[in-house]
Amino acid sequence: MAPTPDPLTFEVVQLIGTVVARYHEQYEQAAAQHALTGAQARVLGLLAHEPMPMRRIAQQLKCEPSNITGIVDRLECRGLVERRPDPADRRVKLAAPTDVGQETAERLRGSLDFAQEPLGELSHQERLVLRDLLQRMLGIAPEAPPE
């Protein structure tokens with residue numbers, strides 16, 4: 001049986017859960033304003049950073065590749081995403097945002113003010129500390145400081 005967390009750990013876990021719930025709620029609302037499902041918005045958001053194969057999208061979103069194929073199909077029908085050959089391996093198809101898809105992803109990101117408002121209350125140093133702590137919790141190597 002796992003040990004019971006101390007009260008502070010329990011409080012932190014509850015706060016993280018509240019932040020995650022608020023983020024998902026607002027993300028779904030923002031997606032709906034752009035006539036997208038939450039899953040479509042998440043895929044489009046990922047692709048706005050870089051084109052990628054379906055398998056990698058599925059890994060990033062922790063779901064089955066067949067689910068991603070259907071989501072990309074629907075985004076493609078709307079003219080938000082296109083499939084193109086991977087220049088490194090022409091057997092692989094990359095999903096990539098179209099210009100309209102890129103603009104939609106940017107508008108969607110801009111409409112997510114849930115995190116922007118509270119984070120705006122933190123100083124630059126506090127945001128750096130928060131980022132570093134979250135990366136540490138997730139096992140992500142810290143970014144090298146700029147030279």
# chains A, B, ... in the order shown; residues from 1 in each chain; ligands from 1
$ select_by_dssp --residues "stretch 5-131 of chain A" --states "strand (DSSP E or B)" --output "ChimeraX atom specification"
/A:52,81-86,89-97
$ write_last_selection --atoms "N, CA and C atoms" --output "CSV table (one decimal), in the first residue's frame"
chain,number,residue,atom,x,y,z
A,52,MET,N,4.5,16.6,-38.6
A,52,MET,CA,4.9,15.3,-38.1
A,52,MET,C,4.1,14.2,-38.6
A,81,VAL,N,-5.3,21.3,-42.7
A,81,VAL,CA,-4.1,20.4,-42.7
A,81,VAL,C,-3.9,19.7,-44.0
A,82,GLU,N,-2.7,19.4,-44.4
A,82,GLU,CA,-2.4,18.7,-45.6
A,82,GLU,C,-1.4,17.6,-45.3
A,83,ARG,N,-1.4,16.6,-46.1
A,83,ARG,CA,-0.4,15.5,-46.0
A,83,ARG,C,0.6,15.7,-47.0
A,84,ARG,N,1.9,15.6,-46.7
A,84,ARG,CA,3.0,15.7,-47.6
A,84,ARG,C,4.1,14.7,-47.3
A,85,PRO,N,4.9,14.3,-48.3
A,85,PRO,CA,5.9,13.4,-48.1
A,85,PRO,C,7.0,14.0,-47.2
A,86,ASP,N,7.5,13.1,-46.3
A,86,ASP,CA,8.6,13.5,-45.5
A,86,ASP,C,9.9,13.5,-46.3
A,89,ASP,N,12.3,10.7,-45.6
A,89,ASP,CA,11.9,9.4,-45.9
A,89,ASP,C,10.5,9.5,-46.7
A,90,ARG,N,10.6,9.4,-48.0
A,90,ARG,CA,9.4,9.6,-48.8
A,90,ARG,C,8.3,8.6,-48.6
A,91,ARG,N,8.6,7.5,-47.9
A,91,ARG,CA,7.6,6.5,-47.6
A,91,ARG,C,6.7,7.0,-46.5
A,92,VAL,N,7.1,8.0,-45.8
A,92,VAL,CA,6.4,8.5,-44.6
A,92,VAL,C,5.6,9.8,-45.0
A,93,LYS,N,4.4,9.9,-44.6
A,93,LYS,CA,3.6,11.1,-44.9
A,93,LYS,C,3.6,12.0,-43.6
A,94,LEU,N,3.8,13.2,-43.8
A,94,LEU,CA,3.8,14.2,-42.6
A,94,LEU,C,2.4,14.9,-42.7
A,95,ALA,N,1.8,15.2,-41.6
A,95,ALA,CA,0.7,16.1,-41.5
A,95,ALA,C,1.3,17.4,-41.2
A,96,ALA,N,0.8,18.4,-42.0
A,96,ALA,CA,1.3,19.8,-41.8
A,96,ALA,C,0.1,20.8,-41.9
A,97,PRO,N,0.2,21.9,-41.2
A,97,PRO,CA,-0.9,22.8,-41.3
A,97,PRO,C,-0.8,23.6,-42.6
$ select_by_dssp --residues "chain A" --states "alpha helix (DSSP H)" --output "ChimeraX atom specification"
/A:7-33,38-49,54-61,65-77,99-110,113-120,124-138
$ closest_residue --among "A:Thr18, A:Gln29, A:Gln40, A:Gln135" --to "A:Ala105" --atoms "only C-alpha atoms"
A:Gln40
$ closest_residue --among "A:His49, A:Gly120, A:Glu103, A:Arg109" --to "A:Glu28" --atoms "only C-alpha atoms"
A:Arg109
$ closest_residue --among "A:Gly45, A:Val12, A:Met1, A:Asp6" --to "A:Leu108" --atoms "only C-alpha atoms"
A:Gly45
$ atom_distance --atom1 "atom CA of A:Val13" --atom2 "atom CA of A:Leu119"
18.8 Å
$ residues_around --residues "A:Arg78" --least-positions-apart "4" --cutoff "12 Å" --atoms "only C-alpha atoms" --output "PyMOL selection string"
chain A and resi 34-36+40+44+71-74+82+97-98+100-101+104
$ atom_distance --atom1 "atom CA of A:Pro51" --atom2 "atom CA of A:Gly79"
15.2 Å
$ closest_atom_pairs --of "stretch 21-43 of chain A" --to "stretch 61-68 of chain A" --cutoff "12 Å" --atoms "only C-alpha atoms" --output "JSON lines"
{"residue": "A:Gly38", "atom": "CA", "partner": "A:Leu61", "partner_atom": "CA", "distance": 11.8}
{"residue": "A:Ala39", "atom": "CA", "partner": "A:Ile68", "partner_atom": "CA", "distance": 8.9}
{"residue": "A:Gln40", "atom": "CA", "partner": "A:Ile68", "partner_atom": "CA", "distance": 9.0}
{"residue": "A:Ala41", "atom": "CA", "partner": "A:Leu61", "partner_atom": "CA", "distance": 11.7}
{"residue": "A:Arg42", "atom": "CA", "partner": "A:Leu61", "partner_atom": "CA", "distance": 8.2}
{"residue": "A:Val43", "atom": "CA", "partner": "A:Ile68", "partner_atom": "CA", "distance": 8.0}
$ atom_distance --atom1 "atom CA of A:Glu126" --atom2 "atom CA of A:Gly110"
22.0 Å
$ closest_residue --among "A:Gly139, A:Thr4, A:Leu112, A:Glu121" --to "A:Glu25" --atoms "only C-alpha atoms"
A:Leu112
$ decode --residues "stretch 84-109 of chain A" --atoms "C-alpha atoms" --output "PDB file, in the first residue's frame"
ATOM      1  CA  ARG A  84       2.989  15.717 -47.638  1.00  0.00           C
ATOM      2  CA  PRO A  85       5.933  13.373 -48.105  1.00  0.00           C
ATOM      3  CA  ASP A  86       8.643  13.462 -45.457  1.00  0.00           C
ATOM      4  CA  PRO A  87      11.793  14.821 -47.148  1.00  0.00           C
ATOM      5  CA  ALA A  88      13.905  12.464 -44.995  1.00  0.00           C
ATOM      6  CA  ASP A  89      11.856   9.359 -45.914  1.00  0.00           C
ATOM      7  CA  ARG A  90       9.443   9.634 -48.828  1.00  0.00           C
ATOM      8  CA  ARG A  91       7.594   6.505 -47.645  1.00  0.00           C
ATOM      9  CA  VAL A  92       6.362   8.510 -44.627  1.00  0.00           C
ATOM     10  CA  LYS A  93       3.622  11.115 -44.851  1.00  0.00           C
ATOM     11  CA  LEU A  94       3.752  14.187 -42.648  1.00  0.00           C
ATOM     12  CA  ALA A  95       0.688  16.068 -41.511  1.00  0.00           C
ATOM     13  CA  ALA A  96       1.297  19.799 -41.785  1.00  0.00           C
ATOM     14  CA  PRO A  97      -0.902  22.845 -41.287  1.00  0.00           C
ATOM     15  CA  THR A  98      -1.953  24.820 -44.323  1.00  0.00           C
ATOM     16  CA  ASP A  99      -1.652  28.605 -44.146  1.00  0.00           C
ATOM     17  CA  VAL A 100      -5.268  28.740 -42.970  1.00  0.00           C
ATOM     18  CA  GLY A 101      -4.538  26.003 -40.427  1.00  0.00           C
ATOM     19  CA  GLN A 102      -1.511  27.881 -39.109  1.00  0.00           C
ATOM     20  CA  GLU A 103      -3.586  31.075 -38.747  1.00  0.00           C
ATOM     21  CA  THR A 104      -6.353  29.132 -36.985  1.00  0.00           C
ATOM     22  CA  ALA A 105      -3.840  27.574 -34.561  1.00  0.00           C
ATOM     23  CA  GLU A 106      -2.430  31.024 -33.775  1.00  0.00           C
ATOM     24  CA  ARG A 107      -5.909  32.491 -33.184  1.00  0.00           C
ATOM     25  CA  LEU A 108      -6.767  29.506 -31.000  1.00  0.00           C
ATOM     26  CA  ARG A 109      -3.575  29.929 -28.957  1.00  0.00           C
TER      27      ARG A 109
END
